[in-house]
$ cat coords.txt   # compact mmCIF, C-alpha atoms
# COMPACT_ATOMS: atom_id res chain seq x y z
CA MET B 1 0.00 0.00 0.00
CA ARG B 2 3.06 2.16 0.44
CA GLU B 3 3.09 2.92 -3.30
CA LEU B 4 -0.58 3.98 -3.27
CA LEU B 5 -0.34 6.72 -0.64
CA ASN B 6 0.20 9.63 -3.04
CA ASP B 7 -2.75 8.69 -5.24
CA ILE B 8 -4.98 7.98 -2.25
CA GLU B 9 -4.23 11.42 -0.84
CA ARG B 10 -4.80 13.09 -4.19
CA TRP B 11 -8.24 11.46 -4.28
CA GLN B 12 -8.95 12.33 -0.65
CA GLN B 13 -8.16 15.97 -1.38
CA ALA B 14 -10.55 15.85 -4.32
CA GLY B 15 -13.20 14.52 -1.93
CA LYS B 16 -13.49 11.11 -3.61
CA GLN B 17 -14.76 7.98 -1.93
CA ILE B 18 -12.07 5.30 -1.98
CA ALA B 19 -12.08 1.53 -1.57
CA VAL B 20 -8.96 -0.54 -1.01
CA ALA B 21 -8.56 -4.19 -2.01
CA ARG B 22 -5.72 -6.10 -0.39
CA VAL B 23 -4.45 -9.63 -0.88
CA VAL B 24 -4.72 -11.24 2.59
CA ASP B 25 -3.97 -14.84 1.71
CA ILE B 26 -2.92 -17.04 -1.19
CA GLU B 27 -3.28 -20.79 -1.68
CA GLY B 28 -1.02 -22.52 -4.13
CA SER B 29 0.58 -20.44 -6.81
CA GLY B 30 -0.40 -16.77 -6.59
CA PRO B 31 1.01 -13.89 -8.54
CA ARG B 32 1.19 -11.38 -5.67
CA ASP B 33 1.94 -11.87 -1.98
CA PRO B 34 -0.31 -10.85 0.92
CA GLY B 35 -0.21 -7.08 1.23
CA ALA B 36 -0.44 -6.41 -2.51
CA ALA B 37 -3.05 -3.70 -2.82
CA MET B 38 -5.08 -1.66 -5.23
CA ALA B 39 -7.24 1.36 -4.60
CA VAL B 40 -10.38 2.32 -6.52
CA ASN B 41 -12.16 5.64 -6.31
CA GLU B 42 -15.85 6.37 -6.86
CA ASP B 43 -15.17 7.31 -10.49
CA GLY B 44 -13.65 3.88 -11.14
CA GLU B 45 -10.08 5.14 -11.31
CA VAL B 46 -7.58 2.51 -10.22
CA VAL B 47 -4.04 2.43 -8.83
CA GLY B 48 -2.01 -0.63 -7.83
CA SER B 49 -2.77 -4.27 -8.50
CA VAL B 50 -3.58 -7.50 -6.69
CA SER B 51 -2.76 -10.10 -9.35
CA GLY B 52 -1.03 -10.27 -12.66
CA GLY B 53 -3.96 -8.46 -14.23
CA CYS B 54 -6.25 -11.51 -14.08
CA VAL B 55 -8.86 -10.30 -11.62
CA GLU B 56 -8.48 -6.52 -11.43
CA GLY B 57 -11.56 -5.84 -13.55
CA ALA B 58 -13.76 -7.87 -11.24
CA VAL B 59 -12.22 -6.23 -8.20
CA VAL B 60 -13.10 -2.78 -9.53
CA ALA B 61 -16.74 -3.84 -9.99
CA GLU B 62 -16.82 -5.28 -6.47
CA ALA B 63 -15.18 -2.17 -4.99
CA LEU B 64 -17.67 0.14 -6.71
CA GLU B 65 -20.61 -1.87 -5.34
CA ILE B 66 -19.13 -1.59 -1.83
CA LEU B 67 -18.57 2.16 -2.25
CA GLY B 68 -22.12 2.52 -3.54
CA GLY B 69 -23.45 0.81 -0.41
CA ASP B 70 -24.85 -2.15 -2.35
CA LYS B 71 -22.46 -4.52 -0.60
CA GLN B 72 -20.68 -4.63 2.73
CA PRO B 73 -16.88 -4.74 3.12
CA ARG B 74 -15.98 -8.35 2.61
CA LEU B 75 -13.57 -11.13 1.81
CA VAL B 76 -13.60 -12.16 -1.83
CA LYS B 77 -12.00 -15.26 -3.22
CA PHE B 78 -10.72 -15.66 -6.74
CA GLY B 79 -9.76 -19.14 -7.76
CA TYR B 80 -9.40 -21.56 -10.54
CA SER B 81 -11.66 -24.50 -9.81
CA ASP B 82 -13.89 -23.15 -7.10
CA ASP B 83 -17.63 -23.01 -7.74
CA GLU B 84 -17.99 -19.80 -5.81
CA ALA B 85 -15.22 -18.12 -7.70
CA PHE B 86 -16.09 -15.43 -10.15
CA ALA B 87 -16.15 -16.07 -13.85
CA VAL B 88 -12.73 -14.53 -14.06
CA GLY B 89 -9.97 -16.60 -12.57
CA LEU B 90 -6.28 -16.86 -12.11
CA THR B 91 -4.51 -18.43 -15.00
CA CYS B 92 -1.80 -19.75 -12.70
CA GLY B 93 -4.16 -22.07 -10.85
CA GLY B 94 -3.92 -20.61 -7.37
CA ILE B 95 -6.53 -19.01 -5.14
CA ILE B 96 -6.25 -15.49 -3.79
CA HIS B 97 -8.25 -14.07 -0.91
CA LEU B 98 -8.88 -10.35 -1.05
CA PHE B 99 -10.35 -8.06 1.55
CA ILE B 100 -12.20 -5.16 -0.04
CA ALA B 101 -13.40 -2.26 2.11
CA PRO B 102 -13.90 1.49 1.95
CA LEU B 103 -10.96 3.52 3.22
CA SER B 104 -13.00 4.80 6.15
CA TRP B 105 -10.36 4.59 8.84
CA MET S 1 -20.93 -1.52 12.61
CA THR S 2 -18.06 0.88 12.14
CA LEU S 3 -16.07 1.61 15.24
CA GLN S 4 -13.55 4.13 14.09
CA PRO S 5 -13.74 7.19 16.30
CA MET S 6 -10.57 8.71 14.91
CA SER S 7 -8.90 9.01 11.59
CA LEU S 8 -6.10 6.48 11.43
CA TYR S 9 -5.03 6.94 7.82
CA PRO S 10 -2.94 10.12 8.35
CA ILE S 11 -1.06 8.45 11.22
CA PHE S 12 -0.53 5.35 9.09
CA ALA S 13 0.72 7.31 6.07
CA GLU S 14 3.03 9.42 8.23
CA ARG S 15 4.64 6.32 9.80
CA VAL S 16 5.07 4.55 6.47
CA ARG S 17 6.67 7.63 4.91
CA SER S 18 8.95 8.17 7.91
CA ASN S 19 10.05 4.53 7.77
CA ILE S 20 8.64 3.87 11.24
CA PRO S 21 7.69 0.17 11.41
CA VAL S 22 3.91 -0.16 11.63
CA ALA S 23 1.36 -2.99 11.47
CA LEU S 24 -1.96 -2.20 9.83
CA VAL S 25 -4.40 -4.53 11.59
CA THR S 26 -7.83 -5.14 10.04
CA VAL S 27 -10.74 -7.37 11.05
CA ILE S 28 -11.56 -9.23 7.84
CA ASP S 29 -14.13 -11.62 9.28
CA GLY S 30 -16.13 -11.39 12.50
CA PRO S 31 -18.39 -8.98 14.33
CA HIS S 32 -16.62 -5.73 13.52
CA ILE S 33 -15.51 -6.34 9.97
CA GLY S 34 -13.31 -3.51 8.69
CA ALA S 35 -12.30 -2.38 12.19
CA THR S 36 -8.72 -1.14 12.10
CA MET S 37 -5.82 -0.68 14.50
CA LEU S 38 -2.25 0.57 14.07
CA VAL S 39 0.59 -0.98 16.05
CA SER S 40 4.18 0.30 16.18
CA PRO S 41 7.04 -0.48 18.56
CA SER S 42 7.52 1.81 21.60
CA THR S 43 4.15 3.49 21.34
CA ASP S 44 0.53 2.68 22.22
CA ALA S 45 -1.67 1.06 19.63
CA VAL S 46 -4.25 3.37 18.05
CA GLY S 47 -7.73 2.38 16.92
CA THR S 48 -9.79 -0.58 18.12
CA LEU S 49 -11.03 -3.90 16.81
CA GLY S 50 -14.17 -3.64 18.94
CA ASP S 51 -13.09 -5.34 22.17
CA SER S 52 -10.40 -4.12 24.55
CA GLU S 53 -9.13 -7.61 25.37
CA LEU S 54 -8.99 -8.51 21.67
CA ASP S 55 -7.11 -5.25 21.04
CA ARG S 56 -4.56 -6.11 23.73
CA VAL S 57 -3.85 -9.63 22.44
CA VAL S 58 -3.75 -8.66 18.77
CA ALA S 59 -1.51 -5.65 19.48
CA ARG S 60 0.95 -7.95 21.22
CA ASP S 61 0.99 -10.34 18.25
CA ALA S 62 1.14 -7.51 15.70
CA LEU S 63 4.21 -6.10 17.41
CA GLY S 64 5.97 -9.44 16.90
CA GLU S 65 4.86 -9.54 13.29
CA VAL S 66 6.03 -6.02 12.49
CA GLU S 67 9.40 -6.65 14.12
CA ALA S 68 9.79 -9.78 11.99
CA GLY S 69 8.43 -8.03 8.87
CA ARG S 70 5.73 -10.72 8.47
CA THR S 71 2.27 -10.24 6.97
CA GLY S 72 -0.63 -12.66 7.37
CA VAL S 73 -4.00 -13.68 8.80
CA ARG S 74 -4.50 -14.74 12.44
CA HIS S 75 -7.54 -16.14 14.25
CA TYR S 76 -8.89 -15.14 17.64
CA GLY S 77 -11.94 -15.54 19.81
CA PRO S 78 -14.16 -12.45 20.15
CA GLN S 79 -12.27 -11.44 23.31
CA GLY S 80 -8.87 -12.35 21.96
CA GLN S 81 -8.89 -16.02 22.96
CA THR S 82 -6.06 -17.91 21.29
CA THR S 83 -5.96 -21.36 22.88
CA PRO S 84 -7.70 -24.03 20.77
CA GLU S 85 -10.00 -25.15 23.66
CA ASP S 86 -11.28 -21.61 24.10
CA LEU S 87 -12.05 -21.35 20.41
CA VAL S 88 -14.29 -24.46 20.19
CA ASP S 89 -17.86 -23.43 19.34
CA THR S 90 -16.82 -19.79 19.40
CA PRO S 91 -17.27 -17.53 16.42
CA THR S 92 -13.76 -16.59 15.39
CA VAL S 93 -12.47 -13.20 14.44
CA ARG S 94 -10.09 -13.25 11.53
CA VAL S 95 -7.54 -10.47 11.58
CA PHE S 96 -5.20 -9.43 8.79
CA ILE S 97 -1.92 -8.10 10.14
CA GLU S 98 0.09 -6.31 7.49
CA ALA S 99 3.61 -5.33 8.48
CA PHE S 100 5.16 -2.22 6.97
CA SER S 101 8.87 -2.31 7.68
CA PRO S 102 11.43 0.21 6.50
CA PRO S 103 12.83 -0.62 3.06
CA PRO S 104 16.04 -2.66 2.91
CA THR S 105 19.25 -0.73 2.41
CA MET S 106 21.95 -1.12 -0.23
CA TRP S 107 25.33 0.47 0.28
CA ILE S 108 27.35 0.77 -2.90
CA PHE S 109 31.06 1.53 -2.62
CA GLY S 110 32.75 3.12 -5.60
CA ALA S 111 31.30 5.95 -7.66
CA VAL S 112 31.58 4.37 -11.11
CA ASP S 113 29.25 3.80 -14.08
CA PHE S 114 28.30 0.39 -12.69
CA THR S 115 27.21 2.19 -9.54
CA ALA S 116 24.72 4.39 -11.37
CA ALA S 117 23.15 1.39 -13.09
CA LEU S 118 23.02 -0.65 -9.89
CA ALA S 119 21.55 2.23 -7.90
CA LYS S 120 18.83 2.60 -10.52
CA VAL S 121 17.89 -1.08 -10.44
CA ALA S 122 18.06 -1.18 -6.63
CA LYS S 123 15.59 1.72 -6.49
CA VAL S 124 13.19 -0.24 -8.71
CA LEU S 125 13.35 -3.05 -6.13
CA GLY S 126 12.59 -0.63 -3.30
CA TYR S 127 16.02 -0.33 -1.69
CA TYR S 128 17.20 2.73 0.20
CA VAL S 129 20.45 3.34 -1.71
CA VAL S 130 23.62 4.86 -0.29
CA VAL S 131 26.56 5.53 -2.63
CA CYS S 132 29.94 6.00 -0.99
CA ASP S 133 33.34 6.94 -2.42
CA ALA S 134 36.29 8.80 -0.94
CA ARG S 135 36.84 10.84 -4.10
CA GLU S 136 34.92 14.09 -3.97
CA VAL S 137 34.93 14.62 -7.73
CA PHE S 138 33.16 11.33 -8.37
CA ALA S 139 30.81 11.02 -5.40
CA THR S 140 28.37 13.74 -6.45
CA ARG S 141 24.59 13.97 -6.44
CA ARG S 142 24.72 15.04 -10.06
CA ARG S 143 26.19 11.68 -11.06
CA PHE S 144 23.86 9.67 -8.81
CA PRO S 145 20.54 11.52 -8.67
CA MET S 146 18.72 8.21 -8.11
CA ALA S 147 20.59 7.45 -4.87
CA ASP S 148 19.04 8.37 -1.53
CA GLU S 149 22.42 9.46 -0.18
CA VAL S 150 25.79 10.15 -1.81
CA LEU S 151 28.61 10.21 0.73
CA VAL S 152 32.20 11.32 0.35
CA SER S 153 33.84 9.04 2.85
CA TRP S 154 36.23 6.17 3.40
CA PRO S 155 34.46 2.91 4.26
CA ALA S 156 35.65 2.59 7.87
CA PRO S 157 33.88 5.67 9.30
CA LEU S 158 30.62 4.75 7.58
CA PHE S 159 30.72 1.20 8.95
CA SER S 160 31.63 2.34 12.45
CA GLN S 161 28.81 4.90 12.48
CA ARG S 162 26.04 2.95 10.79
CA GLY S 163 27.20 -0.64 10.26
CA SER S 164 25.29 -2.00 13.26
CA ALA S 165 22.02 -1.06 11.54
CA LEU S 166 22.62 -3.44 8.64
CA THR S 167 20.51 -6.63 8.75
CA SER S 168 20.03 -9.79 6.72
CA ARG S 169 17.67 -7.87 4.40
CA ASP S 170 20.37 -5.37 3.45
CA ALA S 171 23.18 -5.51 0.88
CA VAL S 172 26.69 -4.13 0.50
CA CYS S 173 28.09 -3.98 -3.04
CA ILE S 174 31.74 -3.08 -3.46
CA LEU S 175 32.45 -1.93 -6.99
CA THR S 176 35.70 0.00 -6.58
CA HIS S 177 38.33 -2.47 -7.86
CA ASP S 178 40.78 -0.45 -5.79
CA PRO S 179 42.38 -2.37 -2.91
CA LYS S 180 42.88 0.87 -0.94
CA PHE S 181 39.13 1.17 -0.81
CA ASP S 182 37.70 -2.32 -1.21
CA VAL S 183 39.78 -4.05 1.46
CA PRO S 184 38.50 -1.76 4.24
CA ALA S 185 34.99 -1.98 2.72
CA VAL S 186 35.08 -5.80 2.84
CA GLN S 187 36.51 -5.65 6.36
CA GLY S 188 33.76 -3.31 7.46
CA ALA S 189 31.00 -5.35 5.83
CA LEU S 190 32.21 -8.63 7.35
CA ALA S 191 31.94 -7.07 10.80
CA THR S 192 28.19 -6.50 10.28
CA ASN S 193 25.18 -8.80 9.97
CA VAL S 194 24.48 -7.62 6.41
CA GLY S 195 22.82 -10.35 4.33
CA TYR S 196 24.68 -9.88 1.08
CA ILE S 197 28.25 -8.78 0.37
CA GLY S 198 29.22 -8.63 -3.30
CA VAL S 199 32.65 -7.55 -4.53
CA MET S 200 33.35 -6.68 -8.14
CA GLY S 201 36.43 -7.74 -10.04
CA SER S 202 37.82 -10.49 -12.20
CA ARG S 203 38.81 -13.85 -10.75
CA LYS S 204 42.42 -12.57 -10.82
CA THR S 205 41.46 -9.43 -8.88
CA HIS S 206 39.57 -11.61 -6.45
CA ALA S 207 42.66 -13.81 -5.86
CA LYS S 208 44.81 -10.74 -5.24
CA ARG S 209 42.16 -9.31 -2.93
CA LEU S 210 42.19 -12.49 -0.88
CA GLU S 211 45.93 -11.97 -0.34
CA ARG S 212 45.34 -8.42 0.82
CA LEU S 213 42.53 -9.52 3.10
CA ALA S 214 44.85 -12.14 4.59
CA GLU S 215 47.38 -9.36 5.29
CA VAL S 216 44.77 -7.58 7.42
CA GLY S 217 43.91 -10.82 9.20
CA ILE S 218 40.83 -12.00 7.31
CA THR S 219 41.51 -15.67 6.65
CA SER S 220 38.58 -17.52 8.21
CA ALA S 221 36.79 -19.68 5.65
CA ASP S 222 33.42 -18.83 7.25
CA GLN S 223 34.07 -15.13 6.79
CA LEU S 224 35.36 -15.45 3.24
CA ALA S 225 32.38 -17.64 2.33
CA ARG S 226 30.14 -14.62 2.89
CA LEU S 227 31.76 -12.78 -0.01
CA MET S 228 30.06 -13.06 -3.39
CA SER S 229 33.10 -12.41 -5.51
CA PRO S 230 33.24 -12.09 -8.43
CA ILE S 231 29.88 -10.40 -7.95
CA GLY S 232 26.70 -11.39 -9.78
CA LEU S 233 24.95 -14.26 -11.56
CA ASP S 234 26.56 -15.92 -14.56
CA ILE S 235 24.22 -14.49 -17.20
CA GLY S 236 26.88 -13.13 -19.52
CA ALA S 237 26.29 -9.52 -18.44
CA ARG S 238 28.59 -6.95 -20.08
CA THR S 239 27.20 -3.44 -19.77
CA PRO S 240 26.73 -1.65 -16.43
CA GLU S 241 22.96 -2.15 -16.75
CA GLU S 242 23.24 -5.88 -17.50
CA THR S 243 25.70 -6.25 -14.65
CA ALA S 244 23.29 -4.48 -12.30
CA ILE S 245 20.60 -7.02 -13.23
CA SER S 246 23.01 -9.89 -12.60
CA ILE S 247 23.85 -8.45 -9.16
CA VAL S 248 20.27 -7.93 -8.00
CA GLY S 249 19.40 -11.34 -9.48
CA GLU S 250 22.07 -12.83 -7.24
CA ILE S 251 20.78 -10.92 -4.21
CA ILE S 252 17.27 -12.28 -4.81
CA ALA S 253 18.55 -15.82 -5.36
CA ARG S 254 20.68 -15.72 -2.19
CA ARG S 255 17.72 -14.49 -0.18
CA THR S 256 15.38 -17.17 -1.50
CA GLY S 257 18.05 -19.88 -1.41
CA ARG S 258 17.64 -20.73 -5.08
CA GLY S 259 20.35 -21.82 -7.47
CA ALA S 260 19.07 -19.34 -10.07
CA PRO S 261 18.61 -21.67 -13.05
CA SER S 262 16.50 -20.56 -15.97
CA LEU S 263 12.79 -21.06 -15.44
CA ARG S 264 12.65 -23.21 -18.58
CA ASP S 265 15.17 -25.66 -17.17
CA SER S 266 13.48 -26.16 -13.81
CA ASP S 267 10.03 -27.36 -12.76
CA GLY S 268 7.65 -26.55 -9.93
CA PRO S 269 5.56 -23.44 -9.48
CA ILE S 270 6.87 -20.09 -10.75
CA HIS S 271 5.49 -18.26 -7.73
CA LYS S 272 6.16 -19.77 -4.33

$ encode --input "coords.txt" --output "structure tokens"
Amino acid sequence: MRELLNDIERWQQAGKQIAVARVVDIEGSGPRDPGAAMAVNEDGEVVGSVSGGCVEGAVVAEALEILGGDKQPRLVKFGYSDDEAFAVGLTCGGIIHLFIAPLSW
Amino acid sequence: MTLQPMSLYPIFAERVRSNIPVALVTVIDGPHIGATMLVSPSTDAVGTLGDSELDRVVARDALGEVEAGRTGVRHYGPQGQTTPEDLVDTPTVRVFIEAFSPPPTMWIFGAVDFTAALAKVAKVLGYYVVVCDAREVFATRRRFPMADEVLVSWPAPLFSQRGSALTSRDAVCILTHDPKFDVPAVQGALATNVGYIGVMGSRKTHAKRLERLAEVGITSADQLARLMSPIGLDIGARTPEETAISIVGEIIARRTGRGAPSLRDSDGPIHK
């Protein structure tokens, strides 16, 4: 998240709502370690990444729903062979667990 | 549902930017999902996870994690219970503890073209880069704008002032080729706990350097085994930039304990 601070503050100064998605756990082969983060503002602008580009699009959609109040902050799992996984998946076969929440702290 | 009485983000950002170790602690599953706490050494935790006993136990654990530079998920009972018997039939709170430790440091001795390339690559990898050379005309900010510090100094004073801060995450790269400078630099580096010591020069230079090191009393095989010399991976690097890649490649491989073969010629997962 260190590398996101400048953009986050730019958005805060512009009065934007911001959600942050962070990798909290990986099972098997995962492209990014726990702590990898991306931030999404209410306009859908994005900085950072949580995978090798495999799931970022779905994360933005999820983050916007949370910012819009349609969903609560939550853990989201992206995997390869999991029924609950989203249609998008990781090409490398691992599972990543993301926590997505508004930056309200 | 939200518990945050105060704004933690400015405190968090300030600590990260000032290189003060800090753990960002977040409830990711449980009654107060999203609740956040900041934990740093030698200061009280700020924020709450929704239960004072839970805060106390998690803060203690987070301090250990931030000191070790570890990031991960831990499980607790709603009041911070950690023993397995206490957690039976209890809803668990899952907490993500993310450690933000200061960046690793690379000291580069010798203000040469290889230094500029290595400093550039080290910055890409997130190192705090210090360039050091005794020659005032070469050790200038203008030549090394990418470095965090450019010092005109002999190695010994730098090691005696700041050597004790070097840890296994840090690196010392000695690129001078000049025995006047690289012998005291090697001596200084060997007296620290630095994780990587690389010394540039041909195999012939290395053999001569070993003689000089023996003259100053460095003969122990254990000590000499810490030196990566000639420096870098065997990738056929020629230019300063290619050499920089071979050096940081070696630093990564030493840290991860890999033999650095090509991916094509090995098997197993690419990411571990």

$ closest_residue --input "coords.txt" --among "S:Met37, S:Val57, S:Ala62, S:Ala139" --to "S:Thr82" --atoms "only C-alpha atoms"
S:Val57

$ residues_around --input "coords.txt" --residues "S:Pro78" --least-positions-apart "4" --cutoff "9 Å" --atoms "only C-alpha atoms" --output "list of chain:residue names"
S:Gly30, S:Pro31, S:Gly50, S:Asp51, S:Glu53, S:Leu54, S:Thr90, S:Pro91, S:Thr92, S:Val93

$ closest_atom_pairs --input "coords.txt" --of "stretch 6-105 of chain S" --to "stretch 18-40 of chain B" --cutoff "10 Å" --atoms "all atoms listed in the file" --output "CSV"
residue,atom,partner,partner_atom,distance
S:Ile28,CA,B:Val24,CA,8.9
S:Arg70,CA,B:Pro34,CA,9.7
S:Thr71,CA,B:Pro34,CA,6.6
S:Gly72,CA,B:Val24,CA,6.4
S:Val73,CA,B:Val24,CA,6.7
S:Val95,CA,B:Val24,CA,9.5
S:Phe96,CA,B:Val24,CA,6.5
S:Ile97,CA,B:Val24,CA,8.6
S:Glu98,CA,B:Gly35,CA,6.3
S:Ala99,CA,B:Gly35,CA,8.4
S:Phe100,CA,B:Gly35,CA,9.2

$ residues_around --input "coords.txt" --residues "stretch 211-226 of chain S" --least-positions-apart "6" --cutoff "7 Å" --atoms "all atoms listed in the file" --output "list in words"
Val183, Leu190 and Ile197 of chain S

$ write_last_selection --input "coords.txt" --atoms "C-alpha atoms" --output "JSON list (two decimals), keeping the file's coordinate frame"
[["chain", "number", "residue", "atom", "x", "y", "z"],
["S", 183, "VAL", "CA", 39.78, -4.05, 1.46],
["S", 190, "LEU", "CA", 32.21, -8.63, 7.35],
["S", 197, "ILE", "CA", 28.25, -8.78, 0.37]]

$ atom_distance --input "coords.txt" --atom1 "atom CA of S:Pro102" --atom2 "atom CA of S:Asn19"
4.7 Å

$ axis_aligned_box --input "coords.txt" --around "stretch 1-7 of chain B" --padding-each-side "4 Å" --output "AutoDock Vina command-line options"
--center_x 0.2 --center_y 4.8 --center_z -2.4 --size_x 13.8 --size_y 17.6 --size_z 13.7

$ atom_distance --input "coords.txt" --atom1 "atom CA of S:Ser101" --atom2 "atom CA of B:Ser51"
22.0 Å

$ residues_around --input "coords.txt" --residues "stretch 60-62 of chain B" --least-positions-apart "6" --cutoff "8 Å" --atoms "all atoms listed in the file" --output "VMD selection string"
chain B and resid 40 44 46 100

$ closest_residue --input "coords.txt" --among "B:Gly68, B:Val59, B:Met1, B:Ser104" --to "S:Ala23" --atoms "only C-alpha atoms"
B:Met1

$ residues_around --input "coords.txt" --residues "stretch 5-11 of chain B" --least-positions-apart "2" --cutoff "10 Å" --atoms "all atoms listed in the file" --output "list in words"
Met1, Arg2, Glu3, Gln13, Ala14, Gly15, Lys16, Gln17, Ile18, Ala19, Val20, Ala39, Val40, Asn41, Glu42, Glu45, Val46, Val47, Gly48 and Leu103 of chain B; Tyr9, Pro10, Phe12, Ala13, Glu14, Val16 and Arg17 of chain S

$ closest_residue --input "coords.txt" --among "S:Arg56, S:Lys180, S:Arg135, S:Arg74" --to "chain B" --atoms "only C-alpha atoms"
S:Arg74

$ atom_distance --input "coords.txt" --atom1 "atom CA of S:Asp86" --atom2 "atom CA of S:Leu38"
26.0 Å
